[in-house]
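**Q** The structure file target.cif (mmCIF, C-alpha atoms (C1' of nucleotides)) is provided below.
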```
data_query
#
loop_
_atom_site.label_atom_id
_atom_site.label_comp_id
_atom_site.auth_asym_id
_atom_site.auth_seq_id
_atom_site.Cartn_x
_atom_site.Cartn_y
_atom_site.Cartn_z
CA MET B 201 33.44 49.00 20.44
CA PRO B 202 36.29 51.49 20.96
CA THR B 203 35.66 55.17 21.63
CA THR B 204 37.00 58.11 19.65
CA ASP B 205 39.70 58.60 22.26
CA GLU B 206 40.76 55.01 21.84
CA TYR B 207 40.94 55.38 18.08
CA GLU B 208 43.19 58.41 18.52
CA ARG B 209 45.34 56.43 20.88
CA MET B 210 45.59 53.58 18.41
CA LEU B 211 46.69 55.97 15.67
CA ARG B 212 49.31 57.66 17.84
CA ASP B 213 50.65 54.32 18.99
CA ALA B 214 51.09 53.36 15.38
CA ASP B 215 52.95 56.60 14.64
CA LEU B 216 50.17 57.90 12.47
CA ARG B 217 48.91 61.45 12.64
CA VAL B 218 45.46 61.82 14.07
CA THR B 219 43.11 63.26 11.49
CA ARG B 220 39.35 63.25 11.23
CA PRO B 221 39.25 61.06 8.13
CA ARG B 222 41.43 58.51 9.87
CA VAL B 223 39.27 58.35 12.95
CA ALA B 224 36.13 58.14 10.84
CA VAL B 225 37.51 55.31 8.71
CA LEU B 226 38.85 53.42 11.70
CA ASP B 227 35.44 53.64 13.32
CA ALA B 228 33.73 52.53 10.11
CA VAL B 229 35.93 49.45 9.85
CA HIS B 230 35.19 48.57 13.47
CA ARG B 231 31.47 48.94 13.00
CA LEU B 232 31.12 47.17 9.66
CA PRO B 233 32.86 43.82 9.72
CA HIS B 234 34.21 42.68 6.35
CA ALA B 235 32.98 45.80 4.59
CA ASP B 236 34.14 46.71 1.12
CA THR B 237 35.66 50.09 0.33
CA GLU B 238 32.44 51.60 -0.91
CA SER B 239 30.59 50.73 2.30
CA ILE B 240 33.42 52.17 4.33
CA ILE B 241 33.28 55.39 2.33
CA GLY B 242 29.56 55.57 3.04
CA ALA B 243 29.99 54.92 6.74
CA ALA B 244 32.82 57.41 7.02
CA ARG B 245 30.70 60.07 5.34
CA ALA B 246 28.01 59.54 7.93
CA GLU B 247 30.43 61.08 10.40
CA LEU B 248 32.38 63.36 8.16
CA ALA B 249 30.23 64.34 5.24
CA ASP B 250 32.82 65.44 2.73
CA VAL B 251 35.58 62.86 2.89
CA SER B 252 36.86 62.11 -0.54
CA HIS B 253 37.04 58.53 -1.70
CA GLN B 254 40.71 59.08 -2.32
CA ALA B 255 41.24 59.96 1.34
CA VAL B 256 39.52 56.76 2.36
CA TYR B 257 41.74 54.75 0.02
CA ASP B 258 44.83 56.46 1.44
CA VAL B 259 43.71 55.95 5.02
CA LEU B 260 42.91 52.30 4.46
CA ARG B 261 46.33 51.80 3.00
CA ALA B 262 47.99 53.56 5.93
CA LEU B 263 45.96 51.61 8.48
CA THR B 264 46.70 48.34 6.74
CA GLY B 265 50.40 49.15 6.63
CA ALA B 266 50.38 49.97 10.34
CA GLY B 267 48.56 46.75 11.15
CA LEU B 268 45.48 48.46 12.56
CA VAL B 269 43.18 46.88 10.02
CA ARG B 270 43.52 43.87 7.81
CA ARG B 271 42.74 43.75 4.14
CA ILE B 272 41.10 40.65 2.73
CA GLN B 273 40.37 40.03 -0.89
CA PRO B 274 38.92 36.71 -1.98
CA SER B 275 39.42 35.80 -5.64
CA GLY B 276 37.32 37.82 -7.99
CA ALA B 277 35.94 40.15 -5.34
CA VAL B 278 36.70 43.70 -4.33
CA ALA B 279 38.87 44.42 -1.30
CA ARG B 280 37.33 44.21 2.15
CA TYR B 281 38.65 45.29 5.50
CA GLU B 282 38.30 44.06 9.03
CA SER B 283 39.37 45.33 12.41
CA ARG B 284 40.22 42.01 13.97
CA VAL B 285 43.97 41.80 13.69
CA GLY B 286 46.81 40.11 15.47
CA ASP B 287 45.17 36.77 15.99
CA ASN B 288 45.40 34.00 13.50
CA HIS B 289 41.93 33.66 12.12
CA HIS B 290 40.58 32.87 8.69
CA HIS B 291 37.43 33.28 6.62
CA VAL B 292 34.54 31.42 5.10
CA VAL B 293 33.32 32.98 1.87
CA CYS B 294 29.95 32.29 0.29
CA ARG B 295 30.33 31.46 -3.40
CA SER B 296 26.99 32.91 -4.35
CA CYS B 297 26.50 36.07 -2.28
CA GLY B 298 30.05 36.81 -1.19
CA ALA B 299 29.23 36.90 2.52
CA ILE B 300 32.23 36.46 4.79
CA ALA B 301 32.42 35.07 8.31
CA ASP B 302 35.34 34.61 10.66
CA VAL B 303 36.70 31.20 11.44
CA ASP B 304 39.18 30.42 14.15
CA CYS B 305 41.83 28.04 13.12
CA ALA B 306 41.14 24.44 13.95
CA VAL B 307 44.72 23.27 14.05
CA GLY B 308 46.58 25.18 16.72
CA HIS B 309 47.73 28.75 16.55
CA THR B 310 49.57 28.85 13.23
CA PRO B 311 47.85 26.26 11.12
CA CYS B 312 49.59 24.55 8.30
CA LEU B 313 52.28 27.21 8.53
CA THR B 314 54.76 24.51 7.78
CA ALA B 315 54.37 23.67 4.13
CA SER B 316 55.51 20.23 3.07
CA ASP B 317 58.05 21.69 0.66
CA ASP B 318 58.54 25.43 0.74
CA HIS B 319 60.74 25.63 -2.39
CA GLY B 320 63.18 27.80 -0.49
CA PHE B 321 60.60 30.48 0.22
CA SER B 322 60.71 32.05 3.66
CA ILE B 323 57.07 31.89 4.68
CA ASP B 324 55.67 34.35 7.21
CA GLU B 325 51.94 33.86 6.93
CA ALA B 326 49.44 31.20 5.97
CA GLU B 327 46.10 32.47 4.78
CA VAL B 328 43.16 30.09 4.60
CA VAL B 329 39.94 30.73 2.73
CA TYR B 330 37.08 28.29 3.05
CA TRP B 331 34.72 28.34 0.09
CA GLY B 332 31.10 27.26 0.36
CA ARG B 333 27.59 28.57 0.77
CA CYS B 334 26.16 30.61 3.56
CA PRO B 335 23.02 29.35 5.30
CA ALA B 336 20.74 31.72 3.37
CA CYS B 337 22.13 30.76 -0.05
CA SER B 338 22.08 27.05 0.83
CA ALA B 339 18.41 27.35 1.68
CA ALA B 340 17.65 29.30 -1.49
CA ALA B 341 19.50 26.83 -3.73
CA ALA B 342 18.00 23.63 -2.31
CA PRO B 343 14.43 24.31 -1.21
CA MET C 20 53.37 17.37 -21.61
CA PRO C 21 50.17 16.33 -23.42
CA THR C 22 49.95 16.23 -27.21
CA THR C 23 47.46 18.08 -29.38
CA ASP C 24 45.42 14.91 -29.67
CA GLU C 25 45.27 14.66 -25.92
CA TYR C 26 44.11 18.24 -25.62
CA GLU C 27 41.33 17.54 -28.07
CA ARG C 28 40.39 14.50 -26.09
CA MET C 29 40.32 16.48 -22.87
CA LEU C 30 38.03 19.06 -24.45
CA ARG C 31 35.64 16.46 -25.85
CA ASP C 32 35.53 14.63 -22.55
CA ALA C 33 34.51 17.87 -20.91
CA ASP C 34 31.74 18.41 -23.50
CA LEU C 35 33.50 21.37 -24.99
CA ARG C 36 33.80 21.93 -28.70
CA VAL C 37 37.28 21.52 -30.09
CA THR C 38 38.50 24.78 -31.57
CA ARG C 39 41.95 26.04 -32.35
CA PRO C 40 41.88 28.81 -29.73
CA ARG C 41 40.93 26.29 -27.08
CA VAL C 42 43.71 23.90 -27.95
CA ALA C 43 46.20 26.77 -28.10
CA VAL C 44 45.15 28.13 -24.72
CA LEU C 45 45.10 24.70 -23.11
CA ASP C 46 48.60 24.11 -24.38
CA ALA C 47 49.76 27.53 -23.15
CA VAL C 48 48.44 26.86 -19.64
CA HIS C 49 50.22 23.51 -19.59
CA ARG C 50 53.48 25.00 -20.71
CA LEU C 51 53.49 28.11 -18.54
CA PRO C 52 52.76 27.22 -14.94
CA HIS C 53 50.97 29.96 -12.96
CA ALA C 54 50.91 32.32 -15.95
CA ASP C 55 48.75 35.41 -15.97
CA THR C 56 46.24 36.12 -18.72
CA GLU C 57 48.57 38.32 -20.70
CA SER C 58 51.29 35.67 -20.84
CA ILE C 59 48.74 33.12 -21.90
CA ILE C 60 47.55 35.39 -24.69
CA GLY C 61 51.14 35.75 -25.83
CA ALA C 62 51.80 32.02 -25.74
CA ALA C 63 48.56 31.23 -27.53
CA ARG C 64 49.45 33.70 -30.28
CA ALA C 65 52.73 31.91 -30.82
CA GLU C 66 50.64 29.03 -32.17
CA LEU C 67 47.69 30.90 -33.53
CA ALA C 68 48.74 34.39 -34.46
CA ASP C 69 45.43 36.19 -34.49
CA VAL C 70 43.57 35.02 -31.42
CA SER C 71 41.72 37.88 -29.83
CA HIS C 72 42.24 38.56 -26.16
CA GLN C 73 38.51 38.20 -25.74
CA ALA C 74 38.66 34.65 -27.09
CA VAL C 75 41.36 33.80 -24.58
CA TYR C 76 39.25 35.22 -21.74
CA ASP C 77 36.25 33.21 -22.93
CA VAL C 78 38.29 30.05 -23.29
CA LEU C 79 39.87 30.41 -19.87
CA ARG C 80 36.46 30.82 -18.37
CA ALA C 81 35.14 27.75 -20.18
CA LEU C 82 38.16 25.67 -19.20
CA THR C 83 37.90 26.78 -15.61
CA GLY C 84 34.21 25.98 -15.52
CA ALA C 85 34.88 22.54 -16.94
CA GLY C 86 37.63 21.91 -14.40
CA LEU C 87 40.39 21.56 -16.98
CA VAL C 88 42.37 24.45 -15.54
CA ARG C 89 42.32 26.17 -12.21
CA ARG C 90 42.21 29.88 -11.67
CA ILE C 91 44.22 31.36 -8.83
CA GLN C 92 44.23 34.96 -7.80
CA PRO C 93 46.23 36.06 -4.76
CA SER C 94 45.13 39.32 -3.16
CA GLY C 95 46.00 42.35 -5.19
CA ALA C 96 47.30 40.42 -8.16
CA VAL C 97 45.90 39.62 -11.58
CA ALA C 98 44.36 36.21 -12.27
CA ARG C 99 46.68 33.32 -12.99
CA TYR C 100 45.95 29.86 -14.30
CA GLU C 101 47.44 26.44 -13.80
CA SER C 102 46.90 23.04 -15.34
CA ARG C 103 47.36 20.99 -12.22
CA VAL C 104 43.83 20.22 -11.11
CA GLY C 105 42.05 17.59 -9.11
CA ASP C 106 44.61 17.19 -6.38
CA ASN C 107 44.53 19.21 -3.26
CA HIS C 108 47.54 21.45 -3.50
CA HIS C 109 48.20 25.03 -2.49
CA HIS C 110 50.55 27.90 -3.27
CA VAL C 111 53.39 29.95 -1.90
CA VAL C 112 53.36 33.53 -3.15
CA CYS C 113 56.31 35.88 -3.00
CA ARG C 114 55.33 39.22 -1.50
CA SER C 115 57.84 41.18 -3.52
CA CYS C 116 57.92 39.66 -6.99
CA GLY C 117 54.67 37.72 -7.05
CA ALA C 118 56.27 34.41 -7.95
CA ILE C 119 54.12 31.38 -7.23
CA ALA C 120 55.15 27.82 -6.43
CA ASP C 121 53.10 24.73 -5.71
CA VAL C 122 52.93 23.26 -2.25
CA ASP C 123 51.45 19.92 -1.36
CA CYS C 124 49.38 19.98 1.71
CA ALA C 125 51.20 19.00 4.86
CA VAL C 126 48.18 17.81 6.78
CA GLY C 127 46.59 14.94 4.92
CA HIS C 128 44.49 15.17 1.85
CA THR C 129 41.96 17.84 2.77
CA PRO C 130 43.77 20.08 5.20
CA CYS C 131 41.91 22.14 7.68
CA LEU C 132 38.75 21.45 5.72
CA THR C 133 36.96 21.24 9.01
CA ALA C 134 36.72 24.74 10.35
CA SER C 135 36.34 25.09 14.09
CA ASP C 136 33.02 26.87 13.67
CA ASP C 137 31.56 27.03 10.20
CA HIS C 138 28.74 29.48 11.04
CA GLY C 139 26.30 27.21 9.21
CA PHE C 140 28.16 27.50 5.91
CA SER C 141 28.44 24.34 3.85
CA ILE C 142 32.12 24.32 2.99
CA ASP C 143 33.35 22.55 -0.13
CA GLU C 144 36.90 23.76 -0.49
CA ALA C 145 39.73 25.07 1.63
CA GLU C 146 42.24 27.25 -0.15
CA VAL C 147 45.57 27.97 1.47
CA VAL C 148 47.99 30.70 0.42
CA TYR C 149 51.39 30.90 2.04
CA TRP C 150 52.90 34.37 1.93
CA GLY C 151 56.62 34.99 2.08
CA ARG C 152 59.63 35.68 -0.07
CA CYS C 153 61.09 33.60 -2.82
CA PRO C 154 64.79 32.66 -2.65
CA ALA C 155 65.81 35.36 -5.14
CA CYS C 156 63.98 38.16 -3.30
CA SER C 157 65.23 36.96 0.08
CA ALA C 158 68.77 37.16 -1.21
CA ALA C 159 68.21 40.61 -2.72
CA ALA C 160 66.62 42.00 0.45
CA ALA C 161 69.22 40.70 2.91
CA PRO C 162 72.62 40.78 1.19
"C1'" DG G 119 52.14 81.14 16.63
"C1'" DC G 120 54.83 79.51 12.80
"C1'" DC G 121 57.15 76.10 9.83
"C1'" DT G 122 57.66 71.67 7.61
"C1'" DG G 123 56.12 67.64 5.91
"C1'" DT G 124 52.29 64.84 5.66
"C1'" DT G 125 47.60 64.27 4.37
"C1'" DC G 126 43.41 65.62 2.10
"C1'" DT G 127 40.74 67.44 -2.19
"C1'" DT G 128 39.85 67.52 -6.88
"C1'" DG G 129 39.96 65.54 -11.18
"C1'" DA G 130 41.71 62.52 -14.37
"C1'" DA G 131 44.01 58.08 -15.82
"C1'" DT G 132 44.90 53.23 -15.68
"C1'" DG G 133 44.13 48.53 -16.81
"C1'" DA G 134 42.18 44.00 -16.10
"C1'" DT G 135 38.01 42.25 -17.17
"C1'" DT G 136 33.46 42.25 -19.16
"C1'" DC G 137 29.56 43.50 -22.35
"C1'" DA G 138 27.44 43.68 -26.98
"C1'" DA G 139 26.60 42.79 -31.78
"C1'" DG G 140 27.77 40.51 -35.74
"C1'" DT G 141 30.35 36.91 -38.32
"C1'" DG G 142 32.27 32.48 -38.54
"C1'" DA G 143 33.02 27.56 -37.62
"C1'" DC G 144 32.15 22.99 -35.22
"C1'" DT G 145 29.01 19.12 -34.55
"C1'" DG G 146 25.18 16.16 -35.31
"C1'" DC G 147 21.78 14.80 -38.45
"C1'" DG G 148 19.80 13.80 -42.71
"C1'" DC W 122 28.81 14.48 -47.92
"C1'" DG W 123 26.29 18.64 -47.10
"C1'" DC W 124 23.22 21.48 -44.23
"C1'" DA W 125 21.24 23.66 -40.18
"C1'" DG W 126 21.54 25.24 -35.66
"C1'" DT W 127 24.17 26.55 -32.04
"C1'" DC W 128 28.01 27.85 -29.94
"C1'" DA W 129 32.49 30.22 -30.37
"C1'" DC W 130 35.30 33.96 -32.05
"C1'" DT W 131 36.22 38.93 -33.69
"C1'" DT W 132 35.88 43.62 -33.19
"C1'" DG W 133 35.24 47.50 -30.55
"C1'" DA W 134 33.72 49.78 -26.72
"C1'" DA W 135 32.41 50.12 -21.69
"C1'" DT W 136 32.94 49.26 -16.76
"C1'" DC W 137 34.70 50.11 -12.36
"C1'" DA W 138 37.90 49.48 -8.54
"C1'" DT W 139 41.99 51.42 -7.76
"C1'" DT W 140 45.78 54.54 -8.54
"C1'" DC W 141 48.29 58.81 -10.11
"C1'" DA W 142 49.10 63.83 -9.94
"C1'" DA W 143 49.09 68.61 -8.40
"C1'" DG W 144 47.81 71.79 -5.30
"C1'" DA W 145 45.48 73.24 -0.78
"C1'" DA W 146 44.86 72.27 4.11
"C1'" DC W 147 46.16 70.57 8.35
"C1'" DA W 148 48.89 68.11 12.34
"C1'" DG W 149 52.68 68.20 15.27
"C1'" DG W 150 57.05 70.02 16.92
"C1'" DC W 151 59.83 74.21 17.83
#
```
Any chance you could give the structure as structure tokens?
**A**
Amino acid sequence: MPTTDEYERMLRDADLRVTRPRVAVLDAVHRLPHADTESIIGAARAELADVSHQAVYDVLRALTGAGLVRRIQPSGAVARYESRVGDNHHHVVCRSCGAIADVDCAVGHTPCLTASDDHGFSIDEAEVVYWGRCPACSAAAAP
Amino acid sequence: MPTTDEYERMLRDADLRVTRPRVAVLDAVHRLPHADTESIIGAARAELADVSHQAVYDVLRALTGAGLVRRIQPSGAVARYESRVGDNHHHVVCRSCGAIADVDCAVGHTPCLTASDDHGFSIDEAEVVYWGRCPACSAAAAP
DNA sequence: GCCTGTTCTTGAATGATTCAAGTGACTGCG
DNA sequence: CGCAGTCACTTGAATCATTCAAGAACAGGC
């Protein structure tokens, strides 16, 4: 878990001004994996009581743009953010409770990045979402 | 392109009542590939002038539940629907204009369906989204 | 320490989607 | 063929994540 100094360093390296909301949000994303915006607002306010939700939205957008956090948004769910960036990993999403877990790619470093027919698109990323049920929901559904 | 009779047949086979809004929406989804809800409402009204948007939402949900259409929703975009179901195909999405094209899976029939570590989830589907730029946007961005 | 431009606060708006209540129509049965 | 019951559609309003807008506050460079 990075320290406050490290967060400041990360921000500076990304050419972002160092502000208290930004450090608080960056820390929140690191501490809560796959958290939605509301949870991040809550966690950020634990450190900095009066951050506005708007500030958190702005910060998340800036951090996402700078590549410090990654935004994930499975179909029909609200946006979530994670701090693990730069590697090529994907997600399993539980259909019933929405839980998310990380999955490393099975097929090499850039899986399936070569589509069979790309229709002339220039592809720069392949995103994989595995849909299923988490252990808890599986147990609850089939007792 | 299926006929009206075929649409009725498809609905009956799925244990859905045959109604004019349902046939109109089913036809709209078949004619407009990857259309969003608003486009589908427009297309349905071309056949059946006074369908309510609520009816279209209900119908799309029923059709999706019955497996007659498939709902796709790339991050940060509105829901879109397609009539190609049952095969294992994926999508390329243009980052700048949102255009979507179909992509057959490069790696066999159920690509990457085996995650390296599934965290105990029981996975039933792997969804792949390729992100990039469509030919038109590539040309516009790099003249 | 001051200036400039970015970032945060406050408050309201947007818009896809959903909820709710009532009317209407499809299907199966008599 | 006609009726009943149930499901589907209409109308109208509500929800809620996210965004927009205007002004105040702050970070970073001189």
**Q** For DG146 in chain G, list every protein, DNA or RNA residue within 12 Å, evaluated using only C-alpha atoms (C1' of nucleotides), and leave out those in the same chain fewer than 3 positions away; present the list as a ChimeraX atom specification.
**A** /W:124-127
**Q** Least-squares superpose chain B onto chain C - every C-alpha atom, paired in order - and show me the moved coordinates as a CSV table (one decimal) with C-alpha atoms, in the frame of the given file.
**A**
```csv
chain,number,residue,atom,x,y,z
B,201,MET,CA,53.4,17.4,-21.6
B,202,PRO,CA,50.2,16.3,-23.4
B,203,THR,CA,49.9,16.2,-27.2
B,204,THR,CA,47.4,18.1,-29.4
B,205,ASP,CA,45.4,14.9,-29.6
B,206,GLU,CA,45.3,14.7,-25.9
B,207,TYR,CA,44.1,18.2,-25.6
B,208,GLU,CA,41.3,17.5,-28.0
B,209,ARG,CA,40.4,14.5,-26.0
B,210,MET,CA,40.3,16.5,-22.8
B,211,LEU,CA,38.0,19.1,-24.4
B,212,ARG,CA,35.6,16.4,-25.8
B,213,ASP,CA,35.5,14.6,-22.5
B,214,ALA,CA,34.5,17.9,-20.8
B,215,ASP,CA,31.7,18.4,-23.4
B,216,LEU,CA,33.5,21.4,-24.9
B,217,ARG,CA,33.8,21.9,-28.6
B,218,VAL,CA,37.2,21.5,-30.0
B,219,THR,CA,38.4,24.8,-31.5
B,220,ARG,CA,41.9,26.0,-32.3
B,221,PRO,CA,41.8,28.8,-29.7
B,222,ARG,CA,40.9,26.3,-27.1
B,223,VAL,CA,43.7,23.9,-27.9
B,224,ALA,CA,46.2,26.8,-28.1
B,225,VAL,CA,45.1,28.1,-24.7
B,226,LEU,CA,45.1,24.7,-23.1
B,227,ASP,CA,48.6,24.1,-24.4
B,228,ALA,CA,49.7,27.5,-23.2
B,229,VAL,CA,48.4,26.9,-19.7
B,230,HIS,CA,50.2,23.5,-19.6
B,231,ARG,CA,53.5,25.0,-20.7
B,232,LEU,CA,53.5,28.1,-18.6
B,233,PRO,CA,52.8,27.2,-14.9
B,234,HIS,CA,51.0,30.0,-13.0
B,235,ALA,CA,50.9,32.3,-16.0
B,236,ASP,CA,48.8,35.4,-16.0
B,237,THR,CA,46.3,36.1,-18.7
B,238,GLU,CA,48.6,38.3,-20.7
B,239,SER,CA,51.3,35.7,-20.9
B,240,ILE,CA,48.7,33.1,-21.9
B,241,ILE,CA,47.6,35.4,-24.7
B,242,GLY,CA,51.1,35.7,-25.9
B,243,ALA,CA,51.8,32.0,-25.8
B,244,ALA,CA,48.5,31.2,-27.5
B,245,ARG,CA,49.4,33.7,-30.3
B,246,ALA,CA,52.7,31.9,-30.8
B,247,GLU,CA,50.6,29.0,-32.2
B,248,LEU,CA,47.6,30.9,-33.5
B,249,ALA,CA,48.7,34.3,-34.5
B,250,ASP,CA,45.4,36.2,-34.5
B,251,VAL,CA,43.5,35.0,-31.4
B,252,SER,CA,41.7,37.9,-29.8
B,253,HIS,CA,42.3,38.6,-26.2
B,254,GLN,CA,38.5,38.2,-25.7
B,255,ALA,CA,38.7,34.6,-27.1
B,256,VAL,CA,41.4,33.8,-24.6
B,257,TYR,CA,39.3,35.2,-21.7
B,258,ASP,CA,36.3,33.2,-22.9
B,259,VAL,CA,38.3,30.0,-23.3
B,260,LEU,CA,39.9,30.4,-19.9
B,261,ARG,CA,36.5,30.9,-18.4
B,262,ALA,CA,35.1,27.8,-20.2
B,263,LEU,CA,38.2,25.7,-19.2
B,264,THR,CA,37.9,26.8,-15.6
B,265,GLY,CA,34.2,26.0,-15.5
B,266,ALA,CA,34.9,22.5,-16.9
B,267,GLY,CA,37.7,21.9,-14.4
B,268,LEU,CA,40.4,21.6,-17.0
B,269,VAL,CA,42.4,24.5,-15.5
B,270,ARG,CA,42.3,26.2,-12.2
B,271,ARG,CA,42.2,29.9,-11.7
B,272,ILE,CA,44.3,31.4,-8.8
B,273,GLN,CA,44.3,35.0,-7.8
B,274,PRO,CA,46.2,36.1,-4.8
B,275,SER,CA,45.2,39.4,-3.2
B,276,GLY,CA,46.0,42.4,-5.2
B,277,ALA,CA,47.3,40.5,-8.2
B,278,VAL,CA,45.9,39.6,-11.6
B,279,ALA,CA,44.4,36.2,-12.3
B,280,ARG,CA,46.7,33.3,-13.0
B,281,TYR,CA,46.0,29.9,-14.3
B,282,GLU,CA,47.5,26.5,-13.8
B,283,SER,CA,46.9,23.1,-15.3
B,284,ARG,CA,47.4,21.0,-12.2
B,285,VAL,CA,43.9,20.2,-11.1
B,286,GLY,CA,42.1,17.6,-9.1
B,287,ASP,CA,44.6,17.2,-6.4
B,288,ASN,CA,44.6,19.2,-3.3
B,289,HIS,CA,47.6,21.5,-3.5
B,290,HIS,CA,48.2,25.0,-2.5
B,291,HIS,CA,50.6,27.9,-3.3
B,292,VAL,CA,53.4,29.9,-1.9
B,293,VAL,CA,53.4,33.5,-3.1
B,294,CYS,CA,56.3,35.9,-3.0
B,295,ARG,CA,55.3,39.2,-1.5
B,296,SER,CA,57.8,41.2,-3.5
B,297,CYS,CA,57.9,39.7,-7.0
B,298,GLY,CA,54.7,37.7,-7.1
B,299,ALA,CA,56.3,34.4,-7.9
B,300,ILE,CA,54.2,31.4,-7.2
B,301,ALA,CA,55.2,27.8,-6.4
B,302,ASP,CA,53.1,24.7,-5.7
B,303,VAL,CA,52.9,23.3,-2.3
B,304,ASP,CA,51.5,19.9,-1.4
B,305,CYS,CA,49.4,20.0,1.7
B,306,ALA,CA,51.2,19.0,4.8
B,307,VAL,CA,48.2,17.8,6.8
B,308,GLY,CA,46.6,14.9,4.9
B,309,HIS,CA,44.5,15.1,1.8
B,310,THR,CA,42.0,17.8,2.7
B,311,PRO,CA,43.8,20.1,5.1
B,312,CYS,CA,41.9,22.1,7.6
B,313,LEU,CA,38.8,21.4,5.7
B,314,THR,CA,37.0,21.2,8.9
B,315,ALA,CA,36.7,24.7,10.3
B,316,SER,CA,36.3,25.1,14.0
B,317,ASP,CA,33.0,26.8,13.6
B,318,ASP,CA,31.5,27.0,10.1
B,319,HIS,CA,28.7,29.4,11.0
B,320,GLY,CA,26.3,27.2,9.1
B,321,PHE,CA,28.2,27.5,5.8
B,322,SER,CA,28.4,24.3,3.8
B,323,ILE,CA,32.1,24.3,2.9
B,324,ASP,CA,33.4,22.5,-0.2
B,325,GLU,CA,36.9,23.7,-0.5
B,326,ALA,CA,39.7,25.1,1.6
B,327,GLU,CA,42.3,27.2,-0.2
B,328,VAL,CA,45.6,28.0,1.4
B,329,VAL,CA,48.0,30.7,0.4
B,330,TYR,CA,51.4,30.9,2.0
B,331,TRP,CA,52.9,34.4,1.9
B,332,GLY,CA,56.6,35.0,2.1
B,333,ARG,CA,59.6,35.7,-0.1
B,334,CYS,CA,61.1,33.6,-2.8
B,335,PRO,CA,64.8,32.7,-2.6
B,336,ALA,CA,65.8,35.4,-5.1
B,337,CYS,CA,64.0,38.2,-3.3
B,338,SER,CA,65.2,37.0,0.1
B,339,ALA,CA,68.8,37.2,-1.2
B,340,ALA,CA,68.2,40.6,-2.7
B,341,ALA,CA,66.6,42.0,0.5
B,342,ALA,CA,69.2,40.7,3.0
B,343,PRO,CA,72.6,40.7,1.3
```
**Q** Distance C1' of DT127 in chain G-CA of Ser252 in chain B, one decimal place?
**A** 6.8 Å
**Q** List the spatial neighbours of DA129 in chain W as a list in words - criterion: any atom at most 9 Å away, all atoms listed in the file, same-chain residues fewer than 5 positions off excluded.
**A**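 So the residues in contact are Arg36, Thr38, Ala74 and Asp77 of chain C; DG142, DA143 and DC144 of chain G.
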**Q** Residues of chain C were defined as contacting chain G if any atom lay at most 10 Å from it, counting all atoms listed in the file; please report them as a ChimeraX atom specification.
**A** /C:36-38,56-57,73,76,97-98
**Q** Compile the residues of chain W that lie within 12 Å of chain C, evaluated using only C-alpha atoms (C1' of nucleotides), and express the compilation as a list in words.
**A**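 Here they are: DT127, DC128, DA129, DC130, DT131, DT132, DG133, DA138 and DT139 of chain W.
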**Q** If I take CA of Thr204 in chain B and CA of Gly267 in chain B, how far is one from the other in Å, to one decimal?
**A**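 Calculated distance between CA of Thr204 in chain B and CA of Gly267 in chain B is 18.3 Å.
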**Q** How close does each residue of chain B get to chain C, giving the shortest atom pair and distance in Å to one decimal for every residue with an atom at most 7 Å away, counting all atoms listed in the file, sorted by chain and residue number, as a Markdown table?
**A**
```
| residue | atom | partner | partner_atom | distance |
| --- | --- | --- | --- | --- |
| B:Gln273 | CA | C:Ser94 | CA | 5.3 |
| B:Pro274 | CA | C:Ser94 | CA | 6.8 |
| B:Ser275 | CA | C:Gln92 | CA | 5.3 |
| B:Val303 | CA | C:Asp136 | CA | 6.1 |
| B:Asp304 | CA | C:Ser135 | CA | 6.0 |
| B:Cys305 | CA | C:Ser135 | CA | 6.3 |
| B:Ala306 | CA | C:Ser135 | CA | 4.8 |
| B:Cys312 | CA | C:Ala125 | CA | 6.7 |
| B:Ala315 | CA | C:Ala125 | CA | 5.7 |
| B:Ser316 | CA | C:Ala125 | CA | 4.8 |
| B:Asp317 | CA | C:Val122 | CA | 6.1 |
| B:Asp318 | CA | C:Val122 | CA | 6.7 |
| B:Gly320 | CA | C:Pro154 | CA | 5.6 |
| B:Phe321 | CA | C:Cys153 | CA | 4.4 |
| B:Ser322 | CA | C:Gly151 | CA | 5.3 |
| B:Ile323 | CA | C:Gly151 | CA | 4.1 |
| B:Asp324 | CA | C:Gly151 | CA | 5.3 |
| B:Glu325 | CA | C:Trp150 | CA | 5.1 |
| B:Ala326 | CA | C:Tyr149 | CA | 4.4 |
| B:Glu327 | CA | C:Val148 | CA | 5.1 |
| B:Val328 | CA | C:Val147 | CA | 4.5 |
| B:Val329 | CA | C:Glu146 | CA | 5.1 |
| B:Tyr330 | CA | C:Ala145 | CA | 4.4 |
| B:Trp331 | CA | C:Glu144 | CA | 5.1 |
| B:Gly332 | CA | C:Ile142 | CA | 4.1 |
| B:Arg333 | CA | C:Phe140 | CA | 5.3 |
| B:Cys334 | CA | C:Phe140 | CA | 4.4 |
| B:Pro335 | CA | C:Phe140 | CA | 5.5 |
```
**Q** Which is closer to Leu82 in chain C than all the others in C:Glu101, C:Asn107, C:Asp24, C:Pro52, using all atoms listed in the file?
**A**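 Of the candidates, the smallest distance to Leu82 in chain C is held by C:Glu101.
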**Q** For each of B:Cys297, B:Ala235, B:Ala246, B:Leu211, take the minimum atom-to-atom distance to Arg270 in chain B, counting all atoms listed in the file, then give the residue where this is smallest.
**A** B:Ala235
**Q** Could you tell me how far CA of Ala340 in chain B lies from CA of Leu79 in chain C, in Å and to one decimal?
**A**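 Taking CA of Ala340 in chain B as the start and CA of Leu79 in chain C as the end point, the length is 28.9 Å.
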**Q** Evaluate the PyMOL selection byres ((chain C and resi 51) around 12) here and jot the selected residues down as a PyMOL selection string.
**A** chain C and resi 20+44-50+52-63+99-103+119
